[in-house]
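Everything below belongs to data-v8.pdb, which stores PDB, C-alpha atoms.
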ATOM      1  CA  MET Y   1      32.417  15.287  -1.477  1.00  0.00           C
ATOM      2  CA  THR Y   2      32.926  13.487   1.830  1.00  0.00           C
ATOM      3  CA  ASP Y   3      31.784  14.581   5.220  1.00  0.00           C
ATOM      4  CA  THR Y   4      34.889  15.315   7.285  1.00  0.00           C
ATOM      5  CA  HIS Y   5      32.903  15.227  10.521  1.00  0.00           C
ATOM      6  CA  SER Y   6      31.689  11.647  10.065  1.00  0.00           C
ATOM      7  CA  PRO Y   7      33.413   9.079  12.325  1.00  0.00           C
ATOM      8  CA  ILE Y   8      33.187   6.480   9.535  1.00  0.00           C
ATOM      9  CA  SER Y   9      35.350   7.059   6.510  1.00  0.00           C
ATOM     10  CA  PRO Y  10      34.294   5.778   3.075  1.00  0.00           C
ATOM     11  CA  SER Y  11      37.005   3.123   3.245  1.00  0.00           C
ATOM     12  CA  THR Y  12      35.716   1.737   6.566  1.00  0.00           C
ATOM     13  CA  ARG Y  13      33.663  -1.428   6.157  1.00  0.00           C
ATOM     14  CA  ILE Y  14      31.045  -2.389   8.673  1.00  0.00           C
ATOM     15  CA  ARG Y  15      31.145  -6.107   9.325  1.00  0.00           C
ATOM     16  CA  ALA Y  16      28.499  -8.156  11.045  1.00  0.00           C
ATOM     17  CA  GLN Y  17      29.385 -10.816  13.523  1.00  0.00           C
ATOM     18  CA  PRO Y  18      29.226 -14.367  12.061  1.00  0.00           C
ATOM     19  CA  GLU Y  19      26.300 -15.303  14.318  1.00  0.00           C
ATOM     20  CA  GLU Y  20      24.302 -12.335  12.924  1.00  0.00           C
ATOM     21  CA  LEU Y  21      24.661 -13.399   9.291  1.00  0.00           C
ATOM     22  CA  VAL Y  22      22.144 -15.499   7.405  1.00  0.00           C
ATOM     23  CA  PRO Y  23      23.846 -18.768   6.444  1.00  0.00           C
ATOM     24  CA  ARG Y  24      24.824 -18.906   2.766  1.00  0.00           C
ATOM     25  CA  ILE Y  25      23.131 -22.263   2.330  1.00  0.00           C
ATOM     26  CA  LEU Y  26      19.833 -20.725   3.443  1.00  0.00           C
ATOM     27  CA  VAL Y  27      20.178 -17.799   1.034  1.00  0.00           C
ATOM     28  CA  ARG Y  28      20.945 -20.225  -1.794  1.00  0.00           C
ATOM     29  CA  ALA Y  29      18.000 -22.430  -0.847  1.00  0.00           C
ATOM     30  CA  VAL Y  30      15.619 -19.468  -0.969  1.00  0.00           C
ATOM     31  CA  LEU Y  31      16.967 -18.437  -4.385  1.00  0.00           C
ATOM     32  CA  VAL Y  32      16.518 -21.983  -5.707  1.00  0.00           C
ATOM     33  CA  LEU Y  33      12.964 -22.065  -4.340  1.00  0.00           C
ATOM     34  CA  LEU Y  34      12.151 -18.746  -6.031  1.00  0.00           C
ATOM     35  CA  LEU Y  35      13.555 -19.979  -9.351  1.00  0.00           C
ATOM     36  CA  VAL Y  36      11.525 -23.198  -9.129  1.00  0.00           C
ATOM     37  CA  ILE Y  37       8.331 -21.252  -8.400  1.00  0.00           C
ATOM     38  CA  LEU Y  38       9.009 -18.812 -11.231  1.00  0.00           C
ATOM     39  CA  SER Y  39       9.663 -21.733 -13.604  1.00  0.00           C
ATOM     40  CA  LEU Y  40       6.435 -23.507 -12.619  1.00  0.00           C
ATOM     41  CA  VAL Y  41       4.349 -20.369 -13.066  1.00  0.00           C
ATOM     42  CA  THR Y  42       5.975 -19.640 -16.435  1.00  0.00           C
ATOM     43  CA  ILE Y  43       5.321 -23.182 -17.669  1.00  0.00           C
ATOM     44  CA  ALA Y  44       1.695 -23.045 -16.488  1.00  0.00           C
ATOM     45  CA  ARG Y  45       1.096 -19.723 -18.249  1.00  0.00           C
ATOM     46  CA  LEU Y  46       2.822 -20.738 -21.504  1.00  0.00           C
ATOM     47  CA  THR Y  47       0.878 -24.012 -21.718  1.00  0.00           C
ATOM     48  CA  ASN Y  48      -2.463 -22.395 -20.778  1.00  0.00           C
ATOM     49  CA  ARG Y  49      -2.923 -24.834 -17.928  1.00  0.00           C
ATOM     50  CA  PRO Y  50      -6.476 -24.536 -16.551  1.00  0.00           C
ATOM     51  CA  LEU Y  51      -7.017 -23.109 -13.084  1.00  0.00           C
ATOM     52  CA  GLU Y  52      -7.364 -25.619 -10.278  1.00  0.00           C
ATOM     53  CA  SER Y  53      -9.084 -25.355  -6.922  1.00  0.00           C
ATOM     54  CA  THR Y  54     -11.770 -23.057  -8.261  1.00  0.00           C
ATOM     55  CA  PRO Y  55     -15.267 -23.394  -6.767  1.00  0.00           C
ATOM     56  CA  ALA Y  56     -17.650 -25.705  -8.562  1.00  0.00           C
ATOM     57  CA  ASP Y  57     -20.109 -24.009 -10.873  1.00  0.00           C
ATOM     58  CA  THR Y  58     -23.255 -25.030  -9.006  1.00  0.00           C
ATOM     59  CA  ALA Y  59     -26.859 -24.053  -9.732  1.00  0.00           C
ATOM     60  CA  VAL Y  60     -28.035 -20.558  -8.839  1.00  0.00           C
ATOM     61  CA  ILE Y  61     -30.815 -20.683  -6.231  1.00  0.00           C
ATOM     62  CA  SER Y  62     -31.447 -16.947  -5.960  1.00  0.00           C
ATOM     63  CA  GLU Y  63     -30.103 -13.915  -7.784  1.00  0.00           C
ATOM     64  CA  ARG Y  64     -30.438 -10.150  -7.532  1.00  0.00           C
ATOM     65  CA  ALA Y  65     -29.088  -7.380  -9.749  1.00  0.00           C
ATOM     66  CA  ILE Y  66     -27.571  -4.613  -7.629  1.00  0.00           C
ATOM     67  CA  HIS Y  67     -25.746  -1.359  -8.250  1.00  0.00           C
ATOM     68  CA  ILE Y  68     -22.850  -0.636  -5.898  1.00  0.00           C
ATOM     69  CA  SER Y  69     -21.345   2.794  -5.457  1.00  0.00           C
ATOM     70  CA  GLY Y  70     -18.611   3.565  -2.996  1.00  0.00           C
ATOM     71  CA  ILE Y  71     -16.226   6.354  -2.178  1.00  0.00           C
ATOM     72  CA  ALA Y  72     -12.647   6.293  -0.905  1.00  0.00           C
ATOM     73  CA  SER Y  73     -13.713   7.174   2.654  1.00  0.00           C
ATOM     74  CA  GLY Y  74     -15.431   3.778   2.909  1.00  0.00           C
ATOM     75  CA  ALA Y  75     -19.005   4.987   2.571  1.00  0.00           C
ATOM     76  CA  ALA Y  76     -21.087   2.956   0.134  1.00  0.00           C
ATOM     77  CA  ARG Y  77     -24.596   2.675  -1.222  1.00  0.00           C
ATOM     78  CA  VAL Y  78     -26.304  -0.334  -2.766  1.00  0.00           C
ATOM     79  CA  LEU Y  79     -29.363   0.025  -5.017  1.00  0.00           C
ATOM     80  CA  ASP Y  80     -31.569  -2.620  -6.592  1.00  0.00           C
ATOM     81  CA  ALA Y  81     -32.313  -2.768 -10.326  1.00  0.00           C
ATOM     82  CA  ASN Y  82     -35.174  -0.240  -9.899  1.00  0.00           C
ATOM     83  CA  GLY Y  83     -33.007   2.307  -8.080  1.00  0.00           C
ATOM     84  CA  THR Y  84     -34.414   1.580  -4.619  1.00  0.00           C
ATOM     85  CA  VAL Y  85     -31.816   1.965  -1.861  1.00  0.00           C
ATOM     86  CA  LEU Y  86     -31.109  -1.425  -0.296  1.00  0.00           C
ATOM     87  CA  ALA Y  87     -28.345  -0.226   2.009  1.00  0.00           C
ATOM     88  CA  ASP Y  88     -26.536   3.010   2.773  1.00  0.00           C
ATOM     89  CA  PHE Y  89     -23.300   2.357   4.643  1.00  0.00           C
ATOM     90  CA  PRO Y  90     -21.443   5.103   6.532  1.00  0.00           C
ATOM     91  CA  ALA Y  91     -17.666   5.380   6.183  1.00  0.00           C
ATOM     92  CA  ASP Y  92     -16.987   3.173   9.212  1.00  0.00           C
ATOM     93  CA  LYS Y  93     -19.258   0.329   8.017  1.00  0.00           C
ATOM     94  CA  GLY Y  94     -19.019   0.256   4.225  1.00  0.00           C
ATOM     95  CA  GLY Y  95     -15.318  -0.291   3.590  1.00  0.00           C
ATOM     96  CA  PHE Y  96     -15.717  -3.776   2.135  1.00  0.00           C
ATOM     97  CA  VAL Y  97     -18.610  -2.775  -0.102  1.00  0.00           C
ATOM     98  CA  ALA Y  98     -16.712   0.322  -1.296  1.00  0.00           C
ATOM     99  CA  GLY Y  99     -13.696  -1.903  -1.937  1.00  0.00           C
ATOM    100  CA  ILE Y 100     -15.815  -4.218  -4.094  1.00  0.00           C
ATOM    101  CA  ASP Y 101     -16.949  -1.158  -6.059  1.00  0.00           C
ATOM    102  CA  ARG Y 102     -13.322  -0.134  -6.670  1.00  0.00           C
ATOM    103  CA  VAL Y 103     -12.502  -3.630  -7.933  1.00  0.00           C
ATOM    104  CA  LEU Y 104     -15.512  -3.569 -10.263  1.00  0.00           C
ATOM    105  CA  GLN Y 105     -14.572  -0.143 -11.597  1.00  0.00           C
ATOM    106  CA  ARG Y 106     -11.002  -1.280 -12.239  1.00  0.00           C
ATOM    107  CA  GLU Y 107     -12.070  -4.508 -13.975  1.00  0.00           C
ATOM    108  CA  ARG Y 108     -14.627  -2.694 -16.117  1.00  0.00           C
ATOM    109  CA  GLY Y 109     -12.154   0.052 -16.965  1.00  0.00           C
ATOM    110  CA  LYS Y 110      -9.709  -2.559 -18.317  1.00  0.00           C
ATOM    111  CA  VAL Y 111     -12.183  -3.706 -20.960  1.00  0.00           C
ATOM    112  CA  GLY Y 112     -14.105  -0.473 -21.520  1.00  0.00           C
ATOM    113  CA  ALA Y 113     -17.341  -1.882 -20.066  1.00  0.00           C
ATOM    114  CA  ASP Y 114     -20.265   0.168 -18.782  1.00  0.00           C
ATOM    115  CA  LEU Y 115     -19.197   1.442 -15.348  1.00  0.00           C
ATOM    116  CA  ASP Y 116     -22.799   1.815 -14.155  1.00  0.00           C
ATOM    117  CA  ALA Y 117     -24.073  -1.650 -15.103  1.00  0.00           C
ATOM    118  CA  PRO Y 118     -25.446  -3.841 -12.314  1.00  0.00           C
ATOM    119  CA  VAL Y 119     -23.584  -6.726 -10.742  1.00  0.00           C
ATOM    120  CA  LEU Y 120     -25.354  -9.972  -9.868  1.00  0.00           C
ATOM    121  CA  LEU Y 121     -25.495 -11.124  -6.257  1.00  0.00           C
ATOM    122  CA  ARG Y 122     -26.022 -14.891  -6.375  1.00  0.00           C
ATOM    123  CA  LEU Y 123     -26.881 -17.539  -3.826  1.00  0.00           C
ATOM    124  CA  ARG Y 124     -25.707 -20.916  -5.115  1.00  0.00           C
ATOM    125  CA  GLU Y 125     -26.219 -24.490  -3.988  1.00  0.00           C
ATOM    126  CA  GLY Y 126     -24.181 -25.293  -0.918  1.00  0.00           C
ATOM    127  CA  ASN Y 127     -25.144 -21.931   0.613  1.00  0.00           C
ATOM    128  CA  ARG Y 128     -22.434 -20.121  -1.364  1.00  0.00           C
ATOM    129  CA  LEU Y 129     -22.864 -16.390  -1.935  1.00  0.00           C
ATOM    130  CA  SER Y 130     -21.028 -14.746  -4.808  1.00  0.00           C
ATOM    131  CA  LEU Y 131     -20.884 -11.628  -6.931  1.00  0.00           C
ATOM    132  CA  PHE Y 132     -20.777 -11.907 -10.711  1.00  0.00           C
ATOM    133  CA  ASP Y 133     -20.203  -9.087 -13.169  1.00  0.00           C
ATOM    134  CA  PRO Y 134     -21.740  -9.969 -16.563  1.00  0.00           C
ATOM    135  CA  GLU Y 135     -19.838  -7.065 -18.159  1.00  0.00           C
ATOM    136  CA  THR Y 136     -16.405  -8.566 -17.463  1.00  0.00           C
ATOM    137  CA  ASN Y 137     -17.091 -12.156 -16.281  1.00  0.00           C
ATOM    138  CA  TRP Y 138     -15.367 -11.217 -13.002  1.00  0.00           C
ATOM    139  CA  SER Y 139     -16.664 -13.033  -9.949  1.00  0.00           C
ATOM    140  CA  ALA Y 140     -15.895 -13.291  -6.250  1.00  0.00           C
ATOM    141  CA  GLU Y 141     -16.887 -15.946  -3.754  1.00  0.00           C
ATOM    142  CA  LEU Y 142     -17.846 -13.891  -0.706  1.00  0.00           C
ATOM    143  CA  MET Y 143     -17.204 -16.618   1.871  1.00  0.00           C
ATOM    144  CA  GLY Y 144     -13.485 -15.959   1.442  1.00  0.00           C
ATOM    145  CA  PHE Y 145     -13.808 -12.452   2.889  1.00  0.00           C
ATOM    146  CA  GLY Y 146     -15.044 -13.316   6.372  1.00  0.00           C
ATOM    147  CA  ALA Y 147     -18.371 -13.895   8.068  1.00  0.00           C
ATOM    148  CA  ASP Y 148     -19.197 -10.200   8.622  1.00  0.00           C
ATOM    149  CA  ASN Y 149     -18.705  -9.311   4.956  1.00  0.00           C
ATOM    150  CA  LEU Y 150     -20.670 -12.380   3.888  1.00  0.00           C
ATOM    151  CA  ARG Y 151     -23.581 -11.357   6.159  1.00  0.00           C
ATOM    152  CA  THR Y 152     -23.518  -7.836   4.724  1.00  0.00           C
ATOM    153  CA  PHE Y 153     -24.234  -9.157   1.233  1.00  0.00           C
ATOM    154  CA  ALA Y 154     -26.592 -11.920   2.443  1.00  0.00           C
ATOM    155  CA  ARG Y 155     -28.831  -9.220   3.945  1.00  0.00           C
ATOM    156  CA  LEU Y 156     -28.924  -7.456   0.565  1.00  0.00           C
ATOM    157  CA  LEU Y 157     -30.195 -10.620  -1.081  1.00  0.00           C
ATOM    158  CA  GLU Y 158     -32.916 -11.054   1.558  1.00  0.00           C
ATOM    159  CA  LYS Y 159     -34.344  -7.516   1.351  1.00  0.00           C
ATOM    160  CA  PRO Y 160     -37.606  -7.190  -0.606  1.00  0.00           C
TER
END
Encoded form using C-alpha cells:
Amino acid sequence: MTDTHSPISPSTRIRAQPEELVPRILVRAVLVLLLVILSLVTIARLTNRPLESTPADTAVISERAIHISGIASGAARVLDANGTVLADFPADKGGFVAGIDRVLQRERGKVGADLDAPVLLRLREGNRLSLFDPETNWSAELMGFGADNLRTFARLLEKP
C-alpha cells in the first residue's frame, strides 16, 4: 500500500549530484584492501602463525594475588589473598577495575574456570605491570590502558 500523500512516488529516484558521490575507484580500492586484509588474516589463522609484537616474557620482580569484584555501575572492590580489603572504589572511580572483573568473568566462563579464583598482579623487569589469570592464562599489560589506570593497580601492589 502506498502513501498517496507523499510527494515522492515509488517510481521517483533520488539522485545525488556527481560531486557528492564517492568515486568508484575509491570504493573499489577499499574493497580490494578489505579482501587483502581478510586473506592475510585467514592465511595467518590457518597456518597457526605465532603472534608478533607481544611483550617479552621478562622476570617477575614482585607479585600479589588479588580478588577483584566489580558491578555494572562501576563500583569495585579489591581484596588480597587473605580477604583484606586493599581498595574499595566508588562507582565514579572504579570503572576500569570493574571492567577488568567483567573481562575475567567472561574469560573464565568460556572455559568453566573458578569464577572466584585470584588473579596475579605482577611487576616485571622494565617496570611493566600486568595482570595474569592462572585459571585461563589470560593476561593484560596495564601500561596500554593509560597512566591513571596503571597507577591504580601499582598502588594495589605497594599496599602491605
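Reported to one decimal place, the separation of atom CA of Y:Lys159 from atom CA of Y:Ser139 is 21.7 Å.
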Query - atom CA of Y:Gly146 to atom CA of Y:Arg77, straight-line distance in Å - result: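 Calculated distance between atom CA of Y:Arg77 and atom CA of Y:Gly146 is 20.1 Å.
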For the structure provided, state which residues fall under the PyMOL selection byres ((chain Y and resi 140) around 10), and present them as a PDB file with C-alpha atoms, keeping the file's coordinate frame.
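Output (selection.pdb):
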ATOM      1  CA  ILE Y 100     -15.815  -4.218  -4.094  1.00  0.00           C
ATOM      2  CA  LEU Y 121     -25.495 -11.124  -6.257  1.00  0.00           C
ATOM      3  CA  LEU Y 129     -22.864 -16.390  -1.935  1.00  0.00           C
ATOM      4  CA  SER Y 130     -21.028 -14.746  -4.808  1.00  0.00           C
ATOM      5  CA  LEU Y 131     -20.884 -11.628  -6.931  1.00  0.00           C
ATOM      6  CA  PHE Y 132     -20.777 -11.907 -10.711  1.00  0.00           C
ATOM      7  CA  ASP Y 133     -20.203  -9.087 -13.169  1.00  0.00           C
ATOM      8  CA  TRP Y 138     -15.367 -11.217 -13.002  1.00  0.00           C
ATOM      9  CA  SER Y 139     -16.664 -13.033  -9.949  1.00  0.00           C
ATOM     10  CA  GLU Y 141     -16.887 -15.946  -3.754  1.00  0.00           C
ATOM     11  CA  LEU Y 142     -17.846 -13.891  -0.706  1.00  0.00           C
ATOM     12  CA  MET Y 143     -17.204 -16.618   1.871  1.00  0.00           C
ATOM     13  CA  GLY Y 144     -13.485 -15.959   1.442  1.00  0.00           C
ATOM     14  CA  PHE Y 145     -13.808 -12.452   2.889  1.00  0.00           C
TER      15      PHE Y 145
END
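Going from atom CA of Y:Val30 over to atom CA of Y:Thr42, you cover 18.2 Å.
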**Report entry** Residues returned when the PyMOL selection byres ((chain Y and resi 62-72) around 10) runs on this file, as a PyMOL selection string
**Finding:** chain Y and resi 59-61+73-89+91+94-102+104-105+116-125+129-133+156-158
Query raised in the report: In terms of the shortest atom-to-atom distance over all atoms listed in the file, which of Y:Lys93, Y:Ile14, Y:Pro23, Y:Ala44 is closest to Y:Asn149?
Result: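 Closest to Y:Asn149, using all atoms listed in the file: Y:Lys93.
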Give, as AutoDock Vina command-line options, the centre coordinates and the x, y and z edge lengths in Å to one decimal for an axis-aligned box around all listed atoms of stretch 96-99 of chain Y, padded by 6 Å on each side.
--center_x -16.2 --center_y -1.7 --center_z 0.1 --size_x 16.9 --size_y 16.1 --size_z 16.1
